[in-house]
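Here is the file final35.csv (CSV, C-alpha atoms).
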```csv
chain,number,residue,atom,x,y,z
A,1,MET,CA,-7.1,-15.5,21.5
A,2,ASP,CA,-9.7,-13.4,19.6
A,3,ASP,CA,-7.7,-10.5,18.3
A,4,LYS,CA,-9.1,-9.4,15.0
A,5,LEU,CA,-8.1,-6.5,12.9
A,6,ILE,CA,-11.0,-5.1,11.0
A,7,ILE,CA,-10.8,-2.0,8.7
A,8,GLY,CA,-13.8,-0.8,6.6
A,9,GLY,CA,-15.6,-4.1,7.3
A,10,ILE,CA,-12.6,-6.2,6.0
A,11,GLU,CA,-11.1,-8.6,8.3
A,12,PHE,CA,-7.3,-9.0,8.2
A,13,ARG,CA,-5.5,-12.1,9.4
A,14,SER,CA,-2.0,-10.7,9.8
A,15,ARG,CA,-0.8,-7.6,11.5
A,16,LEU,CA,2.3,-7.5,9.4
A,17,TRP,CA,1.6,-6.0,6.0
A,18,VAL,CA,4.3,-6.0,3.3
A,19,GLY,CA,5.3,-4.0,0.3
A,20,THR,CA,6.4,-5.6,-3.0
A,21,GLY,CA,8.9,-3.0,-4.2
A,22,LYS,CA,12.7,-3.2,-4.5
A,23,TYR,CA,12.9,-7.0,-4.7
A,24,LYS,CA,15.5,-8.7,-7.1
A,25,ASP,CA,12.7,-10.4,-9.0
A,26,PHE,CA,9.1,-11.6,-8.7
A,27,GLU,CA,10.2,-15.0,-7.4
A,28,GLU,CA,12.0,-13.4,-4.5
A,29,THR,CA,9.0,-11.2,-3.9
A,30,ARG,CA,6.7,-14.3,-3.8
A,31,LYS,CA,9.0,-16.2,-1.4
A,32,ALA,CA,9.4,-13.2,1.0
A,33,VAL,CA,5.7,-12.4,1.1
A,34,GLU,CA,5.0,-16.1,1.8
A,35,ALA,CA,7.6,-16.2,4.6
A,36,SER,CA,6.2,-13.0,6.2
A,37,GLY,CA,2.8,-14.6,6.7
A,38,ALA,CA,1.2,-11.3,5.6
A,39,ASP,CA,-2.2,-11.3,4.0
A,40,VAL,CA,-1.9,-7.7,2.8
A,41,VAL,CA,0.5,-6.7,0.1
A,42,THR,CA,0.9,-3.2,-1.2
A,43,VAL,CA,1.5,-2.5,-4.9
A,44,ALA,CA,2.0,0.6,-7.1
A,45,VAL,CA,0.1,1.6,-10.2
A,46,ARG,CA,2.2,2.2,-13.3
A,47,ARG,CA,2.0,2.1,-17.1
A,48,VAL,CA,1.9,-1.4,-18.7
A,49,ASN,CA,5.0,-2.0,-20.8
A,50,ILE,CA,3.5,-2.0,-24.3
A,51,THR,CA,6.7,-2.7,-26.2
A,52,ASP,CA,7.7,-5.8,-24.3
A,53,ARG,CA,4.5,-7.8,-23.8
A,54,LYS,CA,6.5,-10.8,-22.6
A,55,SER,CA,7.3,-9.1,-19.4
A,56,GLU,CA,5.7,-10.8,-16.5
A,57,ASN,CA,3.0,-9.5,-14.2
A,58,LEU,CA,3.4,-9.2,-10.4
A,59,LEU,CA,-0.1,-10.7,-9.9
A,60,ASP,CA,1.1,-14.0,-11.6
A,61,TYR,CA,3.2,-14.3,-8.4
A,62,ILE,CA,1.0,-12.7,-5.8
A,63,ASP,CA,-2.4,-14.4,-6.1
A,64,PRO,CA,-5.1,-11.8,-5.4
A,65,ARG,CA,-7.4,-14.6,-4.3
A,66,LYS,CA,-4.9,-15.4,-1.5
A,67,TYR,CA,-3.7,-11.9,-0.6
A,68,LYS,CA,-5.5,-8.6,-0.1
A,69,ILE,CA,-4.0,-6.2,-2.7
A,70,LEU,CA,-3.5,-2.7,-1.3
A,71,PRO,CA,-2.6,-0.3,-4.1
A,72,ASN,CA,-0.8,2.9,-3.2
A,73,THR,CA,-0.6,6.4,-4.8
A,74,ALA,CA,3.2,6.5,-4.4
A,75,GLY,CA,4.9,9.2,-6.4
A,76,CYS,CA,1.9,11.5,-6.3
A,77,TYR,CA,2.6,15.1,-5.3
A,78,THR,CA,-0.8,16.7,-5.8
A,79,VAL,CA,-4.4,15.9,-4.9
A,80,GLU,CA,-5.3,15.6,-8.6
A,81,ASP,CA,-2.6,13.0,-9.2
A,82,ALA,CA,-3.4,11.0,-6.1
A,83,LEU,CA,-7.1,10.9,-7.1
A,84,ARG,CA,-6.2,9.8,-10.6
A,85,TYR,CA,-4.0,7.0,-9.4
A,86,ALA,CA,-6.6,5.9,-6.7
A,87,ARG,CA,-9.4,5.7,-9.3
A,88,LEU,CA,-7.2,3.8,-11.7
A,89,ALA,CA,-6.2,1.4,-9.0
A,90,ARG,CA,-9.8,0.7,-8.1
A,91,GLU,CA,-10.6,-0.1,-11.7
A,92,ALA,CA,-7.6,-2.3,-12.1
A,93,GLY,CA,-8.1,-4.1,-8.8
A,94,ILE,CA,-10.9,-5.7,-6.9
A,95,SER,CA,-11.5,-3.6,-3.8
A,96,ASP,CA,-12.0,-0.1,-2.6
A,97,LEU,CA,-8.9,-0.1,-0.4
A,98,ILE,CA,-6.3,2.6,-1.2
A,99,LYS,CA,-3.1,3.5,0.6
A,100,LEU,CA,-3.2,7.2,0.0
A,101,GLU,CA,0.1,9.0,-0.4
A,102,VAL,CA,0.5,12.7,-1.3
A,103,ILE,CA,4.1,13.4,-1.0
A,104,GLY,CA,5.4,16.9,-0.1
A,105,ASP,CA,9.1,16.7,-0.4
A,106,GLU,CA,11.4,14.6,-2.7
A,107,LYS,CA,14.3,14.3,-0.3
A,108,THR,CA,12.4,13.1,2.8
A,109,LEU,CA,9.3,11.8,1.0
A,110,PHE,CA,7.4,13.3,3.9
A,111,PRO,CA,3.7,13.6,3.3
A,112,ASP,CA,2.0,16.8,2.3
A,113,THR,CA,-0.7,16.4,5.0
A,114,TRP,CA,-2.7,19.5,4.0
A,115,GLU,CA,-3.2,18.0,0.5
A,116,LEU,CA,-3.5,14.5,2.0
A,117,LEU,CA,-6.5,15.6,4.0
A,118,LYS,CA,-8.2,17.1,1.0
A,119,ALA,CA,-7.7,13.9,-1.1
A,120,THR,CA,-8.9,11.7,1.8
A,121,LYS,CA,-12.2,13.7,2.0
A,122,ILE,CA,-12.8,13.3,-1.7
A,123,LEU,CA,-12.0,9.6,-1.9
A,124,VAL,CA,-14.1,8.7,1.2
A,125,LYS,CA,-17.0,10.4,-0.6
A,126,GLU,CA,-16.4,8.2,-3.6
A,127,GLY,CA,-16.6,5.1,-1.4
A,128,PHE,CA,-12.9,4.3,-1.0
A,129,ILE,CA,-11.6,2.7,2.2
A,130,VAL,CA,-8.8,5.3,2.6
A,131,LEU,CA,-5.6,4.4,4.5
A,132,PRO,CA,-3.6,7.7,4.5
A,133,TYR,CA,0.2,7.7,4.9
A,134,THR,CA,0.8,10.5,7.3
A,135,ASN,CA,3.3,12.1,9.7
A,136,ASP,CA,3.5,11.1,13.3
A,137,ASP,CA,1.3,14.1,14.1
A,138,PRO,CA,-1.6,13.3,16.5
A,139,VAL,CA,-3.6,16.3,15.4
A,140,MET,CA,-3.5,15.4,11.7
A,141,ALA,CA,-4.3,11.8,12.6
A,142,LYS,CA,-7.4,13.0,14.3
A,143,ARG,CA,-8.3,15.2,11.3
A,144,LEU,CA,-7.9,12.2,8.9
A,145,GLU,CA,-10.1,10.1,11.2
A,146,GLU,CA,-12.8,12.8,11.1
A,147,ALA,CA,-12.5,12.9,7.3
A,148,GLY,CA,-13.5,9.3,7.3
A,149,ALA,CA,-10.1,7.5,6.9
A,150,GLY,CA,-10.5,3.7,7.6
A,151,ALA,CA,-7.1,3.7,9.4
A,152,VAL,CA,-4.2,6.1,9.8
A,153,MET,CA,-0.7,5.2,8.8
A,154,PRO,CA,1.8,7.3,10.5
A,155,LEU,CA,5.5,7.0,9.5
A,156,GLY,CA,8.0,5.6,12.0
A,157,ALA,CA,10.8,7.4,10.0
A,158,PRO,CA,11.3,8.4,6.4
A,159,ILE,CA,10.4,5.8,3.8
A,160,GLY,CA,13.3,3.4,3.2
A,161,SER,CA,15.5,5.0,6.0
A,162,GLY,CA,15.4,2.0,8.4
A,163,LEU,CA,15.7,4.5,11.3
A,164,GLY,CA,13.0,2.8,13.3
A,165,ILE,CA,10.3,4.4,15.4
A,166,ARG,CA,11.8,7.8,15.9
A,167,ASN,CA,9.0,9.3,18.0
A,168,PRO,CA,7.4,6.5,20.0
A,169,TYR,CA,5.7,9.1,22.2
A,170,ASN,CA,3.8,10.7,19.3
A,171,ILE,CA,2.8,7.3,18.0
A,172,LYS,CA,1.5,6.6,21.5
A,173,ILE,CA,-0.5,9.9,21.6
A,174,ILE,CA,-1.9,9.1,18.1
A,175,LEU,CA,-3.1,5.7,19.5
A,176,ASP,CA,-4.8,7.6,22.4
A,177,SER,CA,-6.3,10.2,20.1
A,178,VAL,CA,-8.0,8.1,17.4
A,179,ASN,CA,-10.4,5.2,17.4
A,180,VAL,CA,-9.5,3.9,13.9
A,181,PRO,CA,-6.7,1.4,13.6
A,182,VAL,CA,-3.1,2.8,13.6
A,183,ILE,CA,-0.6,1.2,11.2
A,184,VAL,CA,3.0,2.2,11.3
A,185,ASP,CA,4.2,2.7,7.8
A,186,ALA,CA,7.8,3.4,6.8
A,187,GLY,CA,11.0,3.4,8.7
A,188,VAL,CA,11.1,-0.1,10.2
A,189,GLY,CA,14.6,-1.4,9.7
A,190,THR,CA,14.8,-4.5,11.7
A,191,ALA,CA,12.8,-6.9,13.9
A,192,SER,CA,13.0,-4.8,17.1
A,193,ASP,CA,11.6,-1.8,15.4
A,194,ALA,CA,8.5,-3.7,14.4
A,195,THR,CA,8.2,-5.1,17.9
A,196,ILE,CA,8.4,-1.6,19.4
A,197,ALA,CA,5.6,-0.4,17.2
A,198,MET,CA,3.4,-3.3,18.2
A,199,GLU,CA,4.3,-3.0,21.9
A,200,LEU,CA,3.1,0.6,21.7
A,201,GLY,CA,-0.3,-0.7,20.7
A,202,CYS,CA,-0.2,-0.2,17.0
A,203,ASP,CA,-2.7,-2.4,15.1
A,204,ALA,CA,-0.3,-3.4,12.3
A,205,VAL,CA,3.0,-2.6,10.7
A,206,LEU,CA,3.7,-2.1,7.0
A,207,ILE,CA,7.2,-3.0,5.9
A,208,ASN,CA,8.8,-2.9,2.4
A,209,THR,CA,12.5,-1.8,2.3
A,210,GLY,CA,13.3,-3.4,5.7
A,211,ILE,CA,12.6,-6.8,4.2
A,212,ALA,CA,13.3,-6.3,0.5
A,213,CYS,CA,16.7,-4.8,1.0
A,214,ALA,CA,17.9,-7.0,3.8
A,215,LYS,CA,20.9,-9.3,2.9
A,216,ASP,CA,18.5,-12.2,3.0
A,217,PRO,CA,15.0,-10.9,2.4
A,218,ILE,CA,13.2,-14.2,3.0
A,219,ALA,CA,14.9,-14.7,6.4
A,220,MET,CA,14.1,-11.1,7.3
A,221,ALA,CA,10.5,-11.6,6.3
A,222,GLU,CA,10.2,-14.4,8.8
A,223,ALA,CA,12.0,-12.4,11.5
A,224,MET,CA,9.5,-9.6,11.0
A,225,LYS,CA,6.6,-12.0,11.2
A,226,HIS,CA,7.8,-13.2,14.7
A,227,ALA,CA,8.6,-9.6,15.7
A,228,VAL,CA,5.1,-8.4,15.0
A,229,VAL,CA,3.5,-11.4,16.8
A,230,ALA,CA,5.8,-10.9,19.8
A,231,GLY,CA,5.1,-7.2,20.0
A,232,ARG,CA,1.4,-7.8,19.8
A,233,PHE,CA,1.4,-10.5,22.5
A,234,ALA,CA,3.5,-8.3,24.8
A,235,TYR,CA,1.1,-5.4,24.3
A,236,ARG,CA,-1.9,-7.5,25.2
A,237,ALA,CA,-0.1,-9.2,28.1
A,238,GLY,CA,0.7,-5.7,29.6
A,239,ARG,CA,4.3,-4.9,30.4
A,240,ILE,CA,5.5,-4.2,33.9
A,241,PRO,CA,6.1,-0.6,34.9
A,242,LYS,CA,9.7,0.7,34.6
A,243,LYS,CA,11.5,1.3,38.0
A,244,LEU,CA,14.8,2.7,38.8
A,245,TYR,CA,15.8,0.3,41.5
A,246,ALA,CA,15.8,-3.5,41.9
A,247,THR,CA,13.1,-5.8,43.4
A,248,ALA,CA,14.3,-9.3,44.1
A,249,SER,CA,12.8,-12.1,42.1
A,250,SER,CA,13.6,-14.7,44.8
A,251,SER,CA,12.0,-14.4,48.2
A,252,ILE,CA,14.3,-13.8,51.1
A,253,GLU,CA,12.0,-15.7,53.4
A,254,GLY,CA,13.5,-19.0,54.5
A,255,MET,CA,17.0,-17.9,53.9
A,256,LEU,CA,19.7,-19.2,56.3
B,1,MET,CA,-5.6,4.7,-36.6
B,2,LYS,CA,-3.1,6.9,-34.9
B,3,LEU,CA,-3.3,6.7,-31.1
B,4,ILE,CA,-1.1,7.9,-28.2
B,5,VAL,CA,-0.7,4.9,-26.0
B,6,ASN,CA,1.2,5.2,-22.7
B,7,GLY,CA,2.9,8.3,-24.1
B,8,GLU,CA,4.0,6.6,-27.4
B,9,THR,CA,2.4,7.4,-30.8
B,10,LEU,CA,1.3,4.2,-32.4
B,11,GLU,CA,-0.3,3.6,-35.8
B,12,ILE,CA,-2.5,0.6,-35.5
B,13,ALA,CA,-4.5,-0.8,-38.4
B,14,HIS,CA,-7.9,-2.6,-38.3
B,15,ILE,CA,-9.1,-1.6,-34.8
B,16,GLU,CA,-12.3,0.1,-33.8
B,17,THR,CA,-12.9,-0.5,-30.1
B,18,LEU,CA,-10.8,-0.5,-26.9
B,19,GLN,CA,-11.2,-4.2,-26.8
B,20,ASP,CA,-9.6,-4.5,-30.3
B,21,LEU,CA,-6.7,-2.4,-29.1
B,22,LEU,CA,-6.0,-4.5,-26.0
B,23,ARG,CA,-6.2,-7.7,-28.1
B,24,LYS,CA,-3.8,-6.2,-30.6
B,25,LEU,CA,-1.4,-5.3,-27.8
B,26,GLU,CA,-1.9,-8.7,-26.2
B,27,ILE,CA,-3.0,-7.2,-22.9
B,28,ARG,CA,-5.4,-9.1,-20.6
B,29,PRO,CA,-8.1,-6.7,-19.7
B,30,GLU,CA,-8.8,-8.2,-16.2
B,31,ARG,CA,-5.5,-6.9,-14.7
B,32,VAL,CA,-5.4,-3.4,-16.1
B,33,ALA,CA,-7.2,-0.1,-15.9
B,34,VAL,CA,-7.6,2.1,-19.0
B,35,GLU,CA,-8.0,5.8,-19.2
B,36,ILE,CA,-8.9,7.5,-22.5
B,37,ASN,CA,-8.4,11.3,-22.7
B,38,LEU,CA,-8.3,11.4,-18.9
B,39,SER,CA,-11.6,9.4,-18.4
B,40,ILE,CA,-11.5,6.0,-16.9
B,41,ILE,CA,-13.3,3.4,-19.0
B,42,LYS,CA,-15.1,0.6,-17.1
B,43,LYS,CA,-14.1,-2.9,-18.0
B,44,ALA,CA,-17.7,-3.8,-19.1
B,45,ASP,CA,-17.5,-1.0,-21.7
B,46,TYR,CA,-14.3,-2.1,-23.4
B,47,PRO,CA,-16.1,-4.0,-26.3
B,48,ALA,CA,-18.4,-1.1,-27.1
B,49,PHE,CA,-16.0,1.8,-26.5
B,50,ARG,CA,-15.1,3.2,-30.0
B,51,LEU,CA,-11.6,4.8,-30.3
B,52,ASN,CA,-11.0,8.0,-32.3
B,53,GLU,CA,-8.0,9.3,-34.2
B,54,GLY,CA,-5.5,10.9,-31.8
B,55,ASP,CA,-7.0,9.5,-28.5
B,56,ARG,CA,-4.7,9.5,-25.6
B,57,VAL,CA,-4.8,6.1,-24.1
B,58,GLU,CA,-3.2,5.1,-20.7
B,59,ILE,CA,-3.1,1.5,-19.8
B,60,VAL,CA,-1.9,0.8,-16.2
B,61,ASN,CA,-1.4,-2.3,-14.0
B,62,PHE,CA,0.1,-3.1,-10.7
B,63,ILE,CA,3.8,-3.3,-10.1
B,64,GLY,CA,5.9,-3.8,-7.0
B,65,GLY,CA,5.5,-0.9,-4.5
B,66,GLY,CA,5.5,-0.1,-0.8
```
Translate this structure into structure tokens?
Amino acid sequence: MDDKLIIGGIEFRSRLWVGTGKYKDFEETRKAVEASGADVVTVAVRRVNITDRKSENLLDYIDPRKYKILPNTAGCYTVEDALRYARLAREAGISDLIKLEVIGDEKTLFPDTWELLKATKILVKEGFIVLPYTNDDPVMAKRLEEAGAGAVMPLGAPIGSGLGIRNPYNIKIILDSVNVPVIVDAGVGTASDATIAMELGCDAVLINTGIACAKDPIAMAEAMKHAVVAGRFAYRAGRIPKKLYATASSSIEGML
Amino acid sequence: MKLIVNGETLEIAHIETLQDLLRKLEIRPERVAVEINLSIIKKADYPAFRLNEGDRVEIVNFIGGG
């Protein structure tokens, strides 16, 4: 079935996107990414270790010719920092894609959406394809779309919490409110969480901790792959309405 | 020449350009981005970009992240 995800003119093969943080080592990262079937991987921008030049590079394991590299601005608390990291990411990488994070609170890692909107406007003007990490707030999602975001990435729950989709109704309203793709980012803890996001009609799901910190990350990566596909198929198939009472599956006609 | 590279003060002899510095540090230019005194330097400019005493150099690359 023809079911393409296109953002900023870029076509994505998979609707599961994965992060590369928190893995035991690069080899485990590589295996999990491969098992997930994802063609988008997120990365962070940090200082090169200048004292130990023998330390390996993530991109020796995640081939940028095979995967779309989506840098983030994780750890940024101000517009200025987010812009600085985004610009460095573009220079270090190969594309204009940026997963824009402007964090507002250390404990919850909730986004500072006021600052996020400002940073989005600036980066869009500079030609970035901005994918902002935002709250499950339909009004802010609309504002980000108006500012030129290529997609919106509402959280399902706090980053790394594994609490799942805490407010499916808001996610649904976001889906009704905006025309750009909606990608649930953060909070997915297990396969059913990913399926719920996709059944709601989300265009993709981004998962890091839910895979990387599972007991067996490679097996969980594969579980998430199937969960996302199942959820997408169910969404497109159209679920039956919920009813309080039974309707028999077997006809009573012809009964003795 | 004294430079501040990724927050550390380094004394590096026999270098003139940014390309020299990266070579000295054994850093492959294709996978990094470089900022000098808060301005990003385009990769094509590395060979011609002359460093000055006391420059603040930031060299970043991609690491695991969500």
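For the residues A:Ser251, A:Thr42, A:Asn179, A:Asn167, ranking by smallest atom-to-atom distance to chain B using only C-alpha atoms places A:Thr42 first.
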Which residues are close to Ala86 in chain A, i.e. within 7 Å by only C-alpha atoms, leaving aside same-chain residues fewer than 3 positions away? Reply as a list of chain:residue names. A:Thr73, A:Ala82, A:Leu83, A:Ala89, A:Arg90, A:Ile98
Could you write out the selected residues, including C-alpha atoms, as an mmCIF file, keeping the file's coordinate frame?
```
data_model
loop_
_atom_site.group_PDB
_atom_site.id
_atom_site.type_symbol
_atom_site.label_atom_id
_atom_site.label_comp_id
_atom_site.auth_asym_id
_atom_site.auth_seq_id
_atom_site.Cartn_x
_atom_site.Cartn_y
_atom_site.Cartn_z
ATOM 1 C CA THR A 73 -0.600 6.400 -4.800
ATOM 2 C CA ALA A 82 -3.400 11.000 -6.100
ATOM 3 C CA LEU A 83 -7.100 10.900 -7.100
ATOM 4 C CA ALA A 89 -6.200 1.400 -9.000
ATOM 5 C CA ARG A 90 -9.800 0.700 -8.100
ATOM 6 C CA ILE A 98 -6.300 2.600 -1.200
#
```
Please provide the set of residues having any atom within 6 Å of range 47-63 of chain B, restricted to all atoms listed in the file, with same-chain residues fewer than 6 positions apart removed, written as number ranges by chain. A: 43-48, 58; B: 1-6, 16-19, 32-37
Using all atoms listed in the file, which of the listed residues (A:Thr247, A:Asn208, A:Thr108, A:Thr29) sits closest to chain B? A:Asn208
Could you tell me which of A:Glu222, A:Asn170, A:Tyr235, A:Gly164 comes closest to Glu199 in chain A if we count all atoms listed in the file? A:Tyr235
Could you pull the residues within 12 Å of Leu200 in chain A, counting all atoms listed in the file, minus those fewer than 3 positions along the same chain, as a JSON list (two decimals) with C-alpha atoms, in the coordinates of the input?
```
[["chain", "number", "residue", "atom", "x", "y", "z"],
["A", 156, "GLY", "CA", 8.00, 5.60, 12.00],
["A", 165, "ILE", "CA", 10.30, 4.40, 15.40],
["A", 167, "ASN", "CA", 9.00, 9.30, 18.00],
["A", 168, "PRO", "CA", 7.40, 6.50, 20.00],
["A", 169, "TYR", "CA", 5.70, 9.10, 22.20],
["A", 170, "ASN", "CA", 3.80, 10.70, 19.30],
["A", 171, "ILE", "CA", 2.80, 7.30, 18.00],
["A", 172, "LYS", "CA", 1.50, 6.60, 21.50],
["A", 173, "ILE", "CA", -0.50, 9.90, 21.60],
["A", 174, "ILE", "CA", -1.90, 9.10, 18.10],
["A", 175, "LEU", "CA", -3.10, 5.70, 19.50],
["A", 176, "ASP", "CA", -4.80, 7.60, 22.40],
["A", 182, "VAL", "CA", -3.10, 2.80, 13.60],
["A", 183, "ILE", "CA", -0.60, 1.20, 11.20],
["A", 184, "VAL", "CA", 3.00, 2.20, 11.30],
["A", 193, "ASP", "CA", 11.60, -1.80, 15.40],
["A", 194, "ALA", "CA", 8.50, -3.70, 14.40],
["A", 195, "THR", "CA", 8.20, -5.10, 17.90],
["A", 196, "ILE", "CA", 8.40, -1.60, 19.40],
["A", 197, "ALA", "CA", 5.60, -0.40, 17.20],
["A", 203, "ASP", "CA", -2.70, -2.40, 15.10],
["A", 204, "ALA", "CA", -0.30, -3.40, 12.30],
["A", 205, "VAL", "CA", 3.00, -2.60, 10.70],
["A", 228, "VAL", "CA", 5.10, -8.40, 15.00],
["A", 230, "ALA", "CA", 5.80, -10.90, 19.80],
["A", 231, "GLY", "CA", 5.10, -7.20, 20.00],
["A", 232, "ARG", "CA", 1.40, -7.80, 19.80],
["A", 233, "PHE", "CA", 1.40, -10.50, 22.50],
["A", 234, "ALA", "CA", 3.50, -8.30, 24.80],
["A", 235, "TYR", "CA", 1.10, -5.40, 24.30],
["A", 236, "ARG", "CA", -1.90, -7.50, 25.20],
["A", 238, "GLY", "CA", 0.70, -5.70, 29.60],
["A", 239, "ARG", "CA", 4.30, -4.90, 30.40]]
```
